[in-house]
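Okay, coords_38.cif is below, mmCIF, C-alpha atoms:
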data_start
loop_
_atom_site.group_PDB
_atom_site.id
_atom_site.type_symbol
_atom_site.label_atom_id
_atom_site.label_comp_id
_atom_site.auth_asym_id
_atom_site.auth_seq_id
_atom_site.Cartn_x
_atom_site.Cartn_y
_atom_site.Cartn_z
ATOM 1 C CA VAL A 1119 2.627 17.270 5.877
ATOM 2 C CA VAL A 1120 5.276 15.348 3.928
ATOM 3 C CA ALA A 1121 4.045 16.895 0.664
ATOM 4 C CA GLN A 1122 4.650 20.366 2.117
ATOM 5 C CA TRP A 1123 8.303 19.590 2.820
ATOM 6 C CA PHE A 1124 9.424 17.802 -0.360
ATOM 7 C CA GLU A 1125 9.102 18.380 -4.091
ATOM 8 C CA PRO A 1126 7.100 15.924 -6.233
ATOM 9 C CA SER A 1127 10.321 14.344 -7.502
ATOM 10 C CA GLN A 1128 11.371 13.592 -3.898
ATOM 11 C CA PHE A 1129 8.024 12.946 -2.272
ATOM 12 C CA GLY A 1130 7.816 9.248 -3.147
ATOM 13 C CA THR A 1131 11.126 8.340 -1.541
ATOM 14 C CA TRP A 1132 10.459 10.122 1.726
ATOM 15 C CA TRP A 1133 6.875 8.908 1.903
ATOM 16 C CA ALA A 1134 8.164 5.358 1.374
ATOM 17 C CA ILE A 1135 10.669 5.750 4.208
ATOM 18 C CA LEU A 1136 7.897 7.031 6.450
ATOM 19 C CA SER A 1137 5.691 4.087 5.457
ATOM 20 C CA THR A 1138 8.299 1.578 6.614
ATOM 21 C CA SER A 1139 7.347 2.439 10.185
ATOM 22 C CA MET A 1140 4.317 0.166 9.763
ATOM 23 C CA ASN A 1141 6.551 -2.716 8.713
ATOM 24 C CA LEU A 1142 8.945 -2.152 11.602
ATOM 25 C CA ALA A 1143 6.047 -2.050 14.035
ATOM 26 C CA GLY A 1144 4.545 -5.201 12.520
ATOM 27 C CA GLY A 1145 7.865 -7.018 12.757
ATOM 28 C CA LEU A 1146 9.047 -5.853 16.182
ATOM 29 C CA GLY A 1147 5.661 -5.467 17.890
ATOM 30 C CA PRO A 1148 4.799 -9.172 18.268
ATOM 31 C CA ILE A 1149 8.308 -9.960 19.505
ATOM 32 C CA VAL A 1150 8.294 -7.209 22.131
ATOM 33 C CA ALA A 1151 4.753 -8.112 23.211
ATOM 34 C CA ALA A 1152 5.679 -11.794 23.522
ATOM 35 C CA LEU A 1153 8.752 -11.003 25.640
ATOM 36 C CA MET A 1154 6.748 -8.734 27.926
ATOM 37 C CA SER A 1155 3.978 -11.298 28.328
ATOM 38 C CA LEU A 1156 6.548 -13.759 29.690
ATOM 39 C CA ASN A 1157 7.399 -11.421 32.583
ATOM 40 C CA TYR A 1158 4.251 -9.326 33.061
ATOM 41 C CA ASP A 1159 0.500 -9.770 32.790
ATOM 42 C CA TRP A 1160 -1.596 -8.498 29.886
ATOM 43 C CA ARG A 1161 -2.624 -5.349 31.757
ATOM 44 C CA MET A 1162 0.981 -4.254 32.181
ATOM 45 C CA THR A 1163 1.729 -5.089 28.537
ATOM 46 C CA LEU A 1164 -1.168 -2.959 27.263
ATOM 47 C CA SER A 1165 -0.324 -0.145 29.682
ATOM 48 C CA PHE A 1166 3.257 -0.106 28.437
ATOM 49 C CA SER A 1167 2.077 0.060 24.824
ATOM 50 C CA GLY A 1168 -0.301 2.909 25.623
ATOM 51 C CA PHE A 1169 2.408 4.825 27.497
ATOM 52 C CA ILE A 1170 4.778 4.529 24.524
ATOM 53 C CA CYS A 1171 2.048 5.871 22.206
ATOM 54 C CA VAL A 1172 1.431 8.880 24.452
ATOM 55 C CA VAL A 1173 5.141 9.716 24.669
ATOM 56 C CA VAL A 1174 5.701 9.403 20.906
ATOM 57 C CA SER A 1175 2.575 11.495 20.203
ATOM 58 C CA PHE A 1176 3.888 14.278 22.439
ATOM 59 C CA VAL A 1177 7.274 14.193 20.695
ATOM 60 C CA CYS A 1178 5.564 14.432 17.290
ATOM 61 C CA LEU A 1179 3.445 17.349 18.478
ATOM 62 C CA VAL A 1180 6.546 19.266 19.518
ATOM 63 C CA LEU A 1181 8.894 18.416 16.649
ATOM 64 C CA ILE A 1182 6.719 18.112 13.524
ATOM 65 C CA LYS A 1183 6.004 21.390 11.736
ATOM 66 C CA ASN A 1184 3.273 21.941 9.166
ATOM 67 C CA GLU A 1185 5.476 23.519 6.506
ATOM 68 C CA PRO A 1186 9.001 24.948 6.054
ATOM 69 C CA SER A 1187 7.876 28.530 6.678
ATOM 70 C CA ASP A 1188 7.162 27.571 10.292
ATOM 71 C CA VAL A 1189 10.919 27.306 10.867
ATOM 72 C CA GLY A 1190 11.984 30.168 8.599
ATOM 73 C CA LEU A 1191 12.562 28.177 5.396
ATOM 74 C CA PRO A 1192 10.982 28.831 1.978
ATOM 75 C CA ASN A 1193 7.926 26.736 1.190
ATOM 76 C CA ILE A 1194 7.873 24.170 -1.599
ATOM 77 C CA GLU A 1195 5.798 25.282 -4.576
ATOM 78 C CA GLN A 1196 3.045 22.731 -5.246
ATOM 79 C CA GLY A 1197 1.974 23.882 -8.696
ATOM 80 C CA ALA A 1198 -1.768 23.997 -9.176
ATOM 81 C CA LYS A 1199 -2.403 23.158 -5.566
ATOM 82 C CA LYS A 1200 -0.985 26.515 -4.504
ATOM 83 C CA GLY A 1201 -1.340 28.332 -7.789
ATOM 84 C CA LYS A 1202 -3.245 31.396 -8.691
ATOM 85 C CA LYS A 1203 -6.852 31.912 -7.959
ATOM 86 C CA GLY A 1204 -8.971 30.168 -10.522
ATOM 87 C CA SER A 1205 -6.828 27.048 -10.739
ATOM 88 C CA SER A 1206 -8.447 23.740 -11.556
ATOM 89 C CA SER A 1207 -8.131 22.447 -7.985
ATOM 90 C CA GLU A 1208 -9.871 25.462 -6.466
ATOM 91 C CA ASN A 1209 -12.751 25.592 -8.959
ATOM 92 C CA SER A 1210 -13.458 21.856 -9.165
ATOM 93 C CA THR A 1211 -16.695 20.702 -7.607
ATOM 94 C CA LEU A 1212 -17.312 17.365 -5.910
ATOM 95 C CA THR A 1213 -19.362 16.216 -8.896
ATOM 96 C CA GLU A 1214 -16.513 17.014 -11.294
ATOM 97 C CA LEU A 1215 -14.085 15.084 -9.146
ATOM 98 C CA LEU A 1216 -16.380 12.074 -8.927
ATOM 99 C CA LEU A 1217 -16.787 12.102 -12.704
ATOM 100 C CA SER A 1218 -13.018 11.907 -13.230
ATOM 101 C CA PRO A 1219 -12.265 8.417 -14.660
ATOM 102 C CA TYR A 1220 -8.737 8.408 -13.241
ATOM 103 C CA LEU A 1221 -10.063 8.707 -9.693
ATOM 104 C CA TRP A 1222 -12.087 5.513 -10.163
ATOM 105 C CA VAL A 1223 -9.174 3.708 -11.791
ATOM 106 C CA LEU A 1224 -6.929 4.511 -8.840
ATOM 107 C CA SER A 1225 -9.582 3.685 -6.284
ATOM 108 C CA THR A 1226 -10.366 0.320 -7.873
ATOM 109 C CA GLY A 1227 -6.673 -0.508 -8.043
ATOM 110 C CA TYR A 1228 -6.302 0.465 -4.410
ATOM 111 C CA LEU A 1229 -9.217 -1.824 -3.489
ATOM 112 C CA VAL A 1230 -7.794 -4.848 -5.337
ATOM 113 C CA VAL A 1231 -4.176 -4.453 -4.230
ATOM 114 C CA PHE A 1232 -4.958 -3.859 -0.578
ATOM 115 C CA GLY A 1233 -7.561 -6.629 -0.617
ATOM 116 C CA VAL A 1234 -5.040 -9.154 -1.969
ATOM 117 C CA LYS A 1235 -2.412 -7.958 0.489
ATOM 118 C CA THR A 1236 -4.862 -8.378 3.373
ATOM 119 C CA CYS A 1237 -5.778 -11.879 2.180
ATOM 120 C CA CYS A 1238 -2.158 -12.962 2.352
ATOM 121 C CA THR A 1239 -1.535 -11.217 5.651
ATOM 122 C CA ASP A 1240 -4.606 -12.623 7.425
ATOM 123 C CA TRP A 1241 -4.977 -16.044 5.804
ATOM 124 C CA GLY A 1242 -1.587 -16.966 4.323
ATOM 125 C CA GLN A 1243 -0.355 -18.595 7.520
ATOM 126 C CA LEU A 1244 -3.475 -20.766 7.792
ATOM 127 C CA PHE A 1245 -3.086 -21.773 4.152
ATOM 128 C CA LEU A 1246 0.480 -22.950 4.745
ATOM 129 C CA ILE A 1247 -0.345 -24.862 7.926
ATOM 130 C CA GLN A 1248 -3.751 -26.367 7.158
ATOM 131 C CA GLU A 1249 -3.480 -27.179 3.451
ATOM 132 C CA ARG A 1250 0.249 -27.311 2.761
ATOM 133 C CA GLY A 1251 1.255 -29.184 5.918
ATOM 134 C CA GLN A 1252 3.901 -26.687 6.961
ATOM 135 C CA SER A 1253 4.883 -26.162 10.592
ATOM 136 C CA MET A 1254 4.040 -23.248 12.838
ATOM 137 C CA LEU A 1255 7.647 -22.118 12.528
ATOM 138 C CA VAL A 1256 7.350 -21.860 8.752
ATOM 139 C CA GLY A 1257 4.048 -20.007 9.127
ATOM 140 C CA SER A 1258 5.691 -17.538 11.493
ATOM 141 C CA SER A 1259 8.622 -17.048 9.123
ATOM 142 C CA TYR A 1260 6.051 -16.277 6.435
ATOM 143 C CA MET A 1261 4.682 -13.417 8.530
ATOM 144 C CA SER A 1262 8.195 -12.102 9.126
ATOM 145 C CA ALA A 1263 8.884 -12.235 5.400
ATOM 146 C CA LEU A 1264 5.737 -10.186 4.825
ATOM 147 C CA GLU A 1265 7.096 -7.309 6.866
ATOM 148 C CA ILE A 1266 10.582 -7.514 5.363
ATOM 149 C CA GLY A 1267 9.131 -7.553 1.876
ATOM 150 C CA GLY A 1268 6.921 -4.594 2.665
ATOM 151 C CA LEU A 1269 9.847 -2.577 4.009
ATOM 152 C CA VAL A 1270 12.131 -3.267 1.030
ATOM 153 C CA GLY A 1271 9.346 -2.881 -1.517
ATOM 154 C CA SER A 1272 8.114 0.417 -0.144
ATOM 155 C CA ILE A 1273 11.528 2.075 -0.262
ATOM 156 C CA ALA A 1274 12.322 0.640 -3.703
ATOM 157 C CA ALA A 1275 8.999 1.800 -5.143
ATOM 158 C CA GLY A 1276 9.353 5.301 -3.749
ATOM 159 C CA TYR A 1277 12.912 5.736 -5.003
ATOM 160 C CA LEU A 1278 12.272 4.325 -8.485
ATOM 161 C CA SER A 1279 9.053 6.302 -8.944
ATOM 162 C CA ASP A 1280 10.818 9.531 -7.988
ATOM 163 C CA ARG A 1281 13.538 8.824 -10.535
ATOM 164 C CA ALA A 1282 10.885 8.292 -13.196
ATOM 165 C CA VAL A 1283 9.188 11.594 -12.350
ATOM 166 C CA ALA A 1284 12.493 13.475 -12.299
ATOM 167 C CA ARG A 1285 13.496 12.028 -15.683
ATOM 168 C CA VAL A 1286 10.201 12.365 -17.574
ATOM 169 C CA GLY A 1287 8.116 14.841 -15.610
ATOM 170 C CA LEU A 1288 4.349 14.916 -15.120
ATOM 171 C CA SER A 1289 1.766 15.425 -17.850
ATOM 172 C CA SER A 1290 -1.997 15.541 -18.251
ATOM 173 C CA TYR A 1291 -2.149 12.083 -19.831
ATOM 174 C CA GLY A 1292 -0.370 9.073 -18.420
ATOM 175 C CA ASN A 1293 2.151 9.121 -15.603
ATOM 176 C CA PRO A 1294 5.810 8.053 -15.435
ATOM 177 C CA ARG A 1295 4.933 5.977 -12.390
ATOM 178 C CA HIS A 1296 2.544 3.800 -14.383
ATOM 179 C CA ALA A 1297 5.295 1.670 -15.964
ATOM 180 C CA LEU A 1298 6.690 0.820 -12.540
ATOM 181 C CA LEU A 1299 3.226 0.235 -11.173
ATOM 182 C CA LEU A 1300 2.394 -2.202 -13.973
ATOM 183 C CA SER A 1301 5.619 -4.132 -13.439
ATOM 184 C CA MET A 1302 4.864 -4.375 -9.729
ATOM 185 C CA MET A 1303 1.320 -5.588 -10.345
ATOM 186 C CA ALA A 1304 2.552 -8.174 -12.849
ATOM 187 C CA GLY A 1305 5.146 -9.346 -10.337
ATOM 188 C CA MET A 1306 2.439 -9.598 -7.707
ATOM 189 C CA CYS A 1307 0.378 -11.877 -9.965
ATOM 190 C CA VAL A 1308 3.381 -14.131 -10.613
ATOM 191 C CA SER A 1309 4.233 -14.249 -6.922
ATOM 192 C CA MET A 1310 0.649 -15.158 -6.054
ATOM 193 C CA PHE A 1311 0.799 -18.041 -8.521
ATOM 194 C CA LEU A 1312 4.138 -19.293 -7.146
ATOM 195 C CA PHE A 1313 2.927 -19.036 -3.573
ATOM 196 C CA ARG A 1314 -0.193 -21.065 -4.357
ATOM 197 C CA VAL A 1315 1.420 -23.732 -6.546
ATOM 198 C CA THR A 1316 5.035 -24.322 -5.537
ATOM 199 C CA VAL A 1317 4.654 -24.653 -1.751
ATOM 200 C CA THR A 1318 3.561 -28.173 -0.757
ATOM 201 C CA GLY A 1319 3.771 -30.426 2.288
ATOM 202 C CA ASP A 1320 6.870 -32.067 0.800
ATOM 203 C CA SER A 1321 8.703 -28.771 0.339
ATOM 204 C CA PRO A 1322 11.825 -28.336 2.474
ATOM 205 C CA LYS A 1323 11.108 -26.139 5.437
ATOM 206 C CA ASN A 1324 13.180 -23.223 4.207
ATOM 207 C CA GLN A 1325 12.928 -23.647 0.453
ATOM 208 C CA GLY A 1326 11.631 -20.577 -1.310
ATOM 209 C CA ILE A 1327 8.816 -19.673 1.087
ATOM 210 C CA GLU A 1328 10.501 -16.573 2.441
ATOM 211 C CA LYS A 1329 11.678 -15.528 -1.029
ATOM 212 C CA ILE A 1330 8.230 -15.967 -2.527
ATOM 213 C CA THR A 1331 6.474 -14.007 0.194
ATOM 214 C CA VAL A 1332 9.087 -11.261 0.238
ATOM 215 C CA SER A 1333 8.682 -10.893 -3.515
ATOM 216 C CA PHE A 1334 4.897 -10.859 -3.246
ATOM 217 C CA VAL A 1335 4.554 -8.246 -0.558
ATOM 218 C CA LYS A 1336 7.321 -6.166 -2.098
ATOM 219 C CA GLU A 1337 5.088 -5.859 -5.131
ATOM 220 C CA THR A 1338 1.954 -5.353 -3.032
ATOM 221 C CA PHE A 1339 3.296 -2.534 -0.893
ATOM 222 C CA SER A 1340 4.921 -0.952 -3.917
ATOM 223 C CA CYS A 1341 1.624 -0.848 -5.793
ATOM 224 C CA ASN A 1342 -0.171 0.352 -2.695
ATOM 225 C CA HIS A 1343 2.371 3.128 -2.205
ATOM 226 C CA LEU A 1344 2.339 4.269 -5.829
ATOM 227 C CA ILE A 1345 -1.429 4.534 -5.900
ATOM 228 C CA THR A 1346 -1.372 6.870 -2.903
ATOM 229 C CA LEU A 1347 0.890 9.337 -4.724
ATOM 230 C CA THR A 1348 -2.112 11.338 -5.958
ATOM 231 C CA ASP A 1349 -4.491 14.015 -4.811
ATOM 232 C CA PHE A 1350 -7.901 13.157 -3.361
ATOM 233 C CA LYS A 1351 -6.436 10.390 -1.155
ATOM 234 C CA ILE A 1352 -9.458 10.293 1.137
ATOM 235 C CA PHE A 1353 -11.660 8.802 -1.563
ATOM 236 C CA CYS A 1354 -9.011 6.180 -2.329
ATOM 237 C CA LEU A 1355 -8.671 5.366 1.370
ATOM 238 C CA PHE A 1356 -12.369 4.531 1.448
ATOM 239 C CA PHE A 1357 -11.801 1.928 -1.251
ATOM 240 C CA LEU A 1358 -8.823 0.636 0.731
ATOM 241 C CA THR A 1359 -11.201 -0.060 3.608
ATOM 242 C CA VAL A 1360 -13.604 -1.821 1.270
ATOM 243 C CA GLY A 1361 -10.754 -3.981 -0.025
ATOM 244 C CA GLY A 1362 -9.826 -4.958 3.518
ATOM 245 C CA PHE A 1363 -13.451 -5.876 4.214
ATOM 246 C CA LEU A 1364 -13.707 -8.028 1.088
ATOM 247 C CA ALA A 1365 -10.549 -9.840 2.164
ATOM 248 C CA GLY A 1366 -12.361 -10.884 5.329
ATOM 249 C CA LEU A 1367 -15.801 -12.445 5.187
ATOM 250 C CA PRO A 1368 -16.145 -13.112 1.402
ATOM 251 C CA PHE A 1369 -12.638 -14.556 1.158
ATOM 252 C CA SER A 1370 -13.050 -16.817 4.184
ATOM 253 C CA THR A 1371 -16.474 -17.917 2.900
ATOM 254 C CA ILE A 1372 -14.895 -19.133 -0.335
ATOM 255 C CA ALA A 1373 -12.286 -21.020 1.691
ATOM 256 C CA LYS A 1374 -14.995 -22.551 3.878
ATOM 257 C CA HIS A 1375 -17.034 -23.932 0.976
ATOM 258 C CA TYR A 1376 -14.087 -24.877 -1.249
ATOM 259 C CA SER A 1377 -10.500 -24.532 0.006
ATOM 260 C CA TRP A 1378 -7.834 -21.988 0.835
ATOM 261 C CA ALA A 1379 -6.155 -22.752 -2.491
ATOM 262 C CA THR A 1380 -9.370 -21.875 -4.329
ATOM 263 C CA ALA A 1381 -9.712 -18.644 -2.367
ATOM 264 C CA PHE A 1382 -6.161 -17.613 -3.225
ATOM 265 C CA TRP A 1383 -6.821 -18.560 -6.854
ATOM 266 C CA VAL A 1384 -9.773 -16.140 -6.890
ATOM 267 C CA ALA A 1385 -7.528 -13.409 -5.477
ATOM 268 C CA GLU A 1386 -4.911 -14.231 -8.113
ATOM 269 C CA ILE A 1387 -7.429 -13.981 -10.971
ATOM 270 C CA THR A 1388 -8.785 -10.715 -9.596
ATOM 271 C CA CYS A 1389 -5.283 -9.261 -9.413
ATOM 272 C CA THR A 1390 -4.484 -10.426 -12.962
ATOM 273 C CA GLY A 1391 -7.671 -8.869 -14.327
ATOM 274 C CA SER A 1392 -6.896 -5.584 -12.607
ATOM 275 C CA THR A 1393 -3.387 -5.581 -14.062
ATOM 276 C CA VAL A 1394 -4.703 -6.077 -17.605
ATOM 277 C CA ALA A 1395 -7.315 -3.341 -17.121
ATOM 278 C CA PHE A 1396 -4.727 -0.897 -15.772
ATOM 279 C CA PHE A 1397 -2.438 -1.666 -18.725
ATOM 280 C CA LEU A 1398 -5.222 -0.749 -21.137
ATOM 281 C CA LEU A 1399 -5.892 2.477 -19.228
ATOM 282 C CA ARG A 1400 -2.262 3.451 -18.594
ATOM 283 C CA ASN A 1401 -2.498 6.570 -20.821
ATOM 284 C CA ILE A 1402 -5.746 7.842 -19.345
ATOM 285 C CA ARG A 1403 -6.043 11.525 -18.435
ATOM 286 C CA THR A 1404 -4.497 11.851 -14.979
ATOM 287 C CA LYS A 1405 -5.677 15.374 -14.183
ATOM 288 C CA MET A 1406 -8.746 15.142 -11.975
ATOM 289 C CA GLY A 1407 -11.406 17.782 -11.619
ATOM 290 C CA ARG A 1408 -11.965 20.777 -13.881
ATOM 291 C CA ILE A 1409 -9.253 21.486 -16.454
ATOM 292 C CA PRO A 1410 -9.031 24.860 -18.233
ATOM 293 C CA ARG A 1411 -10.059 24.613 -21.894
ATOM 294 C CA LYS A 1412 -6.656 25.840 -23.032
ATOM 295 C CA ALA A 1413 -4.802 23.218 -21.010
ATOM 296 C CA ASP A 1414 -7.151 20.451 -22.211
#
Would you give me this structure, written as structure tokens?
Amino acid sequence: VVAQWFEPSQFGTWWAILSTSMNLAGGLGPIVAALMSLNYDWRMTLSFSGFICVVVSFVCLVLIKNEPSDVGLPNIEQGAKKGKKGSSSENSTLTELLLSPYLWVLSTGYLVVFGVKTCCTDWGQLFLIQERGQSMLVGSSYMSALEIGGLVGSIAAGYLSDRAVARVGLSSYGNPRHALLLSMMAGMCVSMFLFRVTVTGDSPKNQGIEKITVSFVKETFSCNHLITLTDFKIFCLFFLTVGGFLAGLPFSTIAKHYSWATAFWVAEITCTGSTVAFFLLRNIRTKMGRIPRKAD
């Protein structure tokens, strides 16, 4: 729906703003739920949450329109997506899409980035408390920093990527968003290393932990957001689910047999390897599916 309302040079910014709703919910949800649990039982808390969802869903149903023409405005031209009959998108078969190397590059990147992000979201607090000797308060501040970093990183990535597209434009090979994506992935690797090495039991309670985690998840959400700025998102979303799964049982198994530090080191190496691979493939053909011989 968002793509129908905004041009490609504006889509990233508005999609990023929309994505911050997840961060706001993640930051405010636990606080609201905790306050309600102090005064009501769990049934009332869940009923209140469900009622809010129903009300917001009804408001969205009434207010959100599919495209500008529904309210008398001209539609946004989407290039090949809404081009003439015989365009590459309309004539591409599933086999041709699956044979597009760029689709697999994006999907693999999506898997790694979301997997690393899930590792830090689900297990970072345990790592700080059990192996680094930090308090519950510091662990909770870590989770808050995750959401703040995600909010800031998402908006920054969307705005900067839109500026890159507006300045350079899109082409069949490479993408102006790739430079930003590579810088974000490199920053994520550095932040992973700092998070694993610099935080110890002797660290002051407020020294650097929030800054490190904000920096890390800023990079993570930025990469995650940039990867979704493509067609064929459903296939990439499947790999996102796989990444979340791998961040669960395999990651915790490594921590069980070795340590949390070792598990985070594995995630760090995986992220670094993906960054190097994406750098080598940064100028790959970005048009997926069938391309007319003249355009190729």
With 4 Å on each side, where is the centre of the axis-aligned box around all listed atoms of stretch 1276-1279 of chain A, and how long are its edges in Å to one decimal, as lines of an AutoDock Vina configuration file?
center_x = 11.0
center_y = 5.3
center_z = -6.3
size_x = 11.9
size_y = 10.0
size_z = 13.2
### Task
Just give me the gap between atom CA of A:Ala1297 and atom CA of A:Thr1316 in Å, one decimal is fine.
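Straight-line distance from atom CA of A:Ala1297 to atom CA of A:Thr1316 works out to 28.0 Å.
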### Task
Apply the PyMOL selection byres ((chain A and resi 1136-1140) around 8) to the structure shown and report the selected residues as a VMD selection string.
chain A and resid 1132 to 1135 1141 to 1144 1268 to 1269 1272 to 1273
### Message
Which residues would end up in the selection if the PyMOL selection byres ((chain A and resi 1300) around 12) were applied here, given that I need the answer as JSON, numbers by chain?
### Response
{"A": [1227, 1231, 1275, 1279, 1293, 1294, 1295, 1296, 1297, 1298, 1299, 1301, 1302, 1303, 1304, 1305, 1306, 1307, 1337, 1338, 1340, 1341, 1342, 1344, 1345, 1389, 1390, 1392, 1393, 1394, 1395, 1396, 1397, 1398, 1399, 1400]}
### Message
Would you compute the distance between atom CA of A:Leu1216 and atom CA of A:Cys1354? Give it in Å to one decimal.
### Response
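Interatomic distance here is 11.5 Å.
Selection by the PyMOL selection byres ((chain A and resi 1283) around 9) on the present file picks out Pro1126, Ser1127, Gln1128, Leu1278, Ser1279, Asp1280, Arg1281, Ala1282, Ala1284, Arg1285, Val1286, Gly1287, Leu1288, Asn1293, Pro1294 and Arg1295 of chain A.
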#### Entry: Selected residue of minimal separation from A:Glu1386 among A:Ile1266, A:Ile1352, A:Val1230, A:Met1154, counting only C-alpha atoms
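Of A:Ile1266, A:Ile1352, A:Val1230, A:Met1154, the one nearest A:Glu1386 is A:Val1230, counting only C-alpha atoms.
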